[in-house]
Amino acid sequence: MTPSEYEYLRKLLREHSGLDLSADKQYLVESRLIPLARKAGLNGIGELVQKIKSGADAVTIDVIEAMTTNETFFFRDKIPFDHLRETVLPELIQARASRRGLRIWCAASSTGQEPYSIAMCLKEFAPQLSGWRVEIVATDLSLGVLEKARAGIFSQFEVQRGLPIQSLVKHFRQVGELWQLNADIRAMVQHRQLNLMQDFSHLGSFDVIFCRNVLIYFDQATKIDVFNRLAKSLEADGVLALGAAESVVGMTDAFKPYPERRGLYQPNPARGARSGASLTMVAVAAG
Ligand SMILES: C[S@@+](CC[C@H](N)C(=O)[O-])C[C@H]1O[C@@H](n2cnc3c(N)ncnc32)[C@H](O)[C@@H]1O
C-alpha cells in the first residue's frame, strides 16, 4: 500500500465511521483489507482504492465493515450490569410507575451479547414490568454483526465468555455445537443499523444508553460531538454507560460521573437536559 493510498483510506474511514487511525496503522489496514481485495477479485489495496474512487458503494461499505472491531462478550465488565440490576432498574421502575414505559438503547451493539445481557437483566424484573412497554433498541454500523445478533446463535466459546452458567441453562438451548438464545429474550431486542456519525435524534429519547467500547476508536472532536448528541437523547434522570477505558471527563460537561457507580454517567442538569416528564415515546419498528 502506498502512503497516498493509506491517507485516502484513513480519511474515508474517519469521515464515514469515525475510525481514527494513527499514522502507523498501515499493518492493520493491510491485514484486514488484503483478504477483502482478494475476495473481490482485486489485485491488492491499490485496486481496492481505485474501485472506491470509481463510486463502488458496496466495496466502500465492505471496507468500512472490515475495519470495525467487533470484540464483545456477555456481561462485559460485569459492574455496569450489576448497577443496572441493583440500582438503575429499580430506581427507574419506580420513577416510571405512572408512565409504565422504559426505553434502553444499546448503541454499537455488535453481535448482540451486550443488548441480550441487558434483556436478561430486565427479564429478572418481569413481574414488576408486566403490562409495561419496554424497548431495547440495539444499533450498529455493521450489517454483518446485526445479522448474527438477530439470529441469536452463539458458539461454545462465546457463551463461555462472561455468561453465568445459570443464565446459559435458563435462556439458551443447545443446537449441535451451538447455543440458541430463547425466543423470549431475542424478542425483547430490536436490531437496527445506525451510524453514530449520523443524526440519531429520530430514535427518540431513552432512559438508559449503553454506548461502550466504540468511542474509543474516534478522535476527540467526534467523541465530543457524539457525547453532546447522546445527552439530547437521554432523559434528565437517565443513565449513560461507557466502556471501562472511556470517560466524559475532560470532553464535555453534558454528563457527569455517577458517584460510586463506576462507568455510569448522568446528564448534567446545569446543561438543561431533557425533562423526564416530557418524554416523547417514539415507536421503533422491530428489526
Ligand atoms: C468493540 S465493539 C463493542 C461492542 C459492545 N458495545 C461491547 O462493548 O461489548 C464496537 C462496535 O462498534 C461498531 N461501530 C464502529 N463504528 C461505528 C459507528 N460509527 N456507528 C455505530 N457503530 C459503530 C462496530 O461495528 C462494533 O460492532
# chains A, B, ... in the order shown; residues from 1 in each chain; ligands from 1
call {"tool": "residues_near_ligand", "arguments": {"ligand": "ligand 1", "cutoff": "8 Å", "atoms": "only C-alpha atoms and all ligand atoms", "output": "PyMOL selection string"}}
result
chain A and resi 16-19+65+68-74+76+106-111+113-114+139-142+145+193-198+210-215+217+243
call {"tool": "select_by_dssp", "arguments": {"residues": "range 94-265 of chain A", "states": "strand (DSSP E or B)", "output": "count of residues only"}}
result
51
call {"tool": "select_by_dssp", "arguments": {"residues": "range 18-211 of chain A", "states": "helix (DSSP H, G or I)", "output": "number ranges by chain"}}
result
A: 26-39, 45-53, 57-66, 79-95, 113-123, 126-129, 143-151, 156-160, 165-171, 183-186, 201-203
call {"tool": "residues_around", "arguments": {"residues": "Ala183 in chain A", "least_positions_apart": "5", "cutoff": "10 Å", "atoms": "only C-alpha atoms", "output": "ChimeraX atom specification"}}
result
/A:151-152,171-172,188
call {"tool": "residues_around", "arguments": {"residues": "Arg262 in chain A", "least_positions_apart": "2", "cutoff": "9 Å", "atoms": "only C-alpha atoms", "output": "MDAnalysis selection string"}}
result
chainID A and resid 79:80 83 241 244 257:260 264:265
call {"tool": "residues_around", "arguments": {"residues": "Pro35 in chain A", "least_positions_apart": "5", "cutoff": "10 Å", "atoms": "only C-alpha atoms", "output": "number ranges by chain"}}
result
A: 30, 40-42, 44-45, 66
call {"tool": "closest_residue", "arguments": {"among": "A:Leu178, A:His191, A:Val134, A:Glu91", "to": "Gly112 in chain A", "atoms": "only C-alpha atoms"}}
result
A:His191
call {"tool": "residues_around", "arguments": {"residues": "Ala187 in chain A", "least_positions_apart": "4", "cutoff": "12 Å", "atoms": "only C-alpha atoms", "output": "list in words"}}
result
Pro115, Tyr116, Ala119, Met120, Lys123, Val134, Glu135, Ile136, Val137, Ala138, Ala149, Arg150, Ala151, Gly152, Leu181, Asn182, Ala183, His191, Ala286 and Gly287 of chain A
call {"tool": "closest_atom_pairs", "arguments": {"of": "range 222-269 of chain A", "to": "range 96-99 of chain A", "cutoff": "12 Å", "atoms": "only C-alpha atoms", "output": "JSON lines"}}
result
{"residue": "A:Glu235", "atom": "CA", "partner": "A:Arg96", "partner_atom": "CA", "distance": 11.4}
{"residue": "A:Asp237", "atom": "CA", "partner": "A:Arg96", "partner_atom": "CA", "distance": 10.5}
{"residue": "A:Gly238", "atom": "CA", "partner": "A:Arg96", "partner_atom": "CA", "distance": 11.2}
call {"tool": "residues_around", "arguments": {"residues": "Val49 in chain A", "least_positions_apart": "5", "cutoff": "8 Å", "atoms": "only C-alpha atoms", "output": "list in words"}}
result
Glu5, Tyr8 and Leu9 of chain A
call {"tool": "write_last_selection", "arguments": {"atoms": "all heavy atoms", "output": "short mmCIF file (atom, residue, chain, number, x, y, z; two decimals), in the first residue's frame"}}
result
data_model
loop_
_atom_site.label_atom_id
_atom_site.label_comp_id
_atom_site.auth_asym_id
_atom_site.auth_seq_id
_atom_site.Cartn_x
_atom_site.Cartn_y
_atom_site.Cartn_z
N GLU A 5 -2.31 5.96 -0.74
CA GLU A 5 -3.48 5.06 -0.60
C GLU A 5 -3.88 4.97 0.88
O GLU A 5 -5.06 4.98 1.21
CB GLU A 5 -3.14 3.66 -1.15
CG GLU A 5 -3.13 3.61 -2.67
CD GLU A 5 -2.38 2.40 -3.23
OE1 GLU A 5 -1.84 1.58 -2.45
OE2 GLU A 5 -2.33 2.29 -4.47
N TYR A 8 -5.67 8.09 1.87
CA TYR A 8 -7.02 8.10 1.30
C TYR A 8 -7.97 7.25 2.18
O TYR A 8 -9.07 7.68 2.53
CB TYR A 8 -6.98 7.56 -0.14
CG TYR A 8 -8.35 7.47 -0.75
CD1 TYR A 8 -8.95 8.59 -1.33
CD2 TYR A 8 -9.07 6.27 -0.73
CE1 TYR A 8 -10.24 8.52 -1.87
CE2 TYR A 8 -10.34 6.19 -1.26
CZ TYR A 8 -10.93 7.31 -1.83
OH TYR A 8 -12.19 7.23 -2.35
N LEU A 9 -7.49 6.05 2.54
CA LEU A 9 -8.33 5.15 3.34
C LEU A 9 -8.57 5.71 4.75
O LEU A 9 -9.66 5.61 5.30
CB LEU A 9 -7.69 3.76 3.41
CG LEU A 9 -7.73 2.98 2.09
CD1 LEU A 9 -6.83 1.76 2.14
CD2 LEU A 9 -9.18 2.55 1.76
#
call {"tool": "atom_distance", "arguments": {"atom1": "CA of Ile93 in chain A", "atom2": "CA of Gln266 in chain A"}}
result
16.8 Å
call {"tool": "atom_distance", "arguments": {"atom1": "CA of Gln174 in chain A", "atom2": "CA of Ala126 in chain A"}}
result
24.3 Å
call {"tool": "atom_distance", "arguments": {"atom1": "CA of Ala270 in chain A", "atom2": "CA of Ala236 in chain A"}}
result
10.8 Å
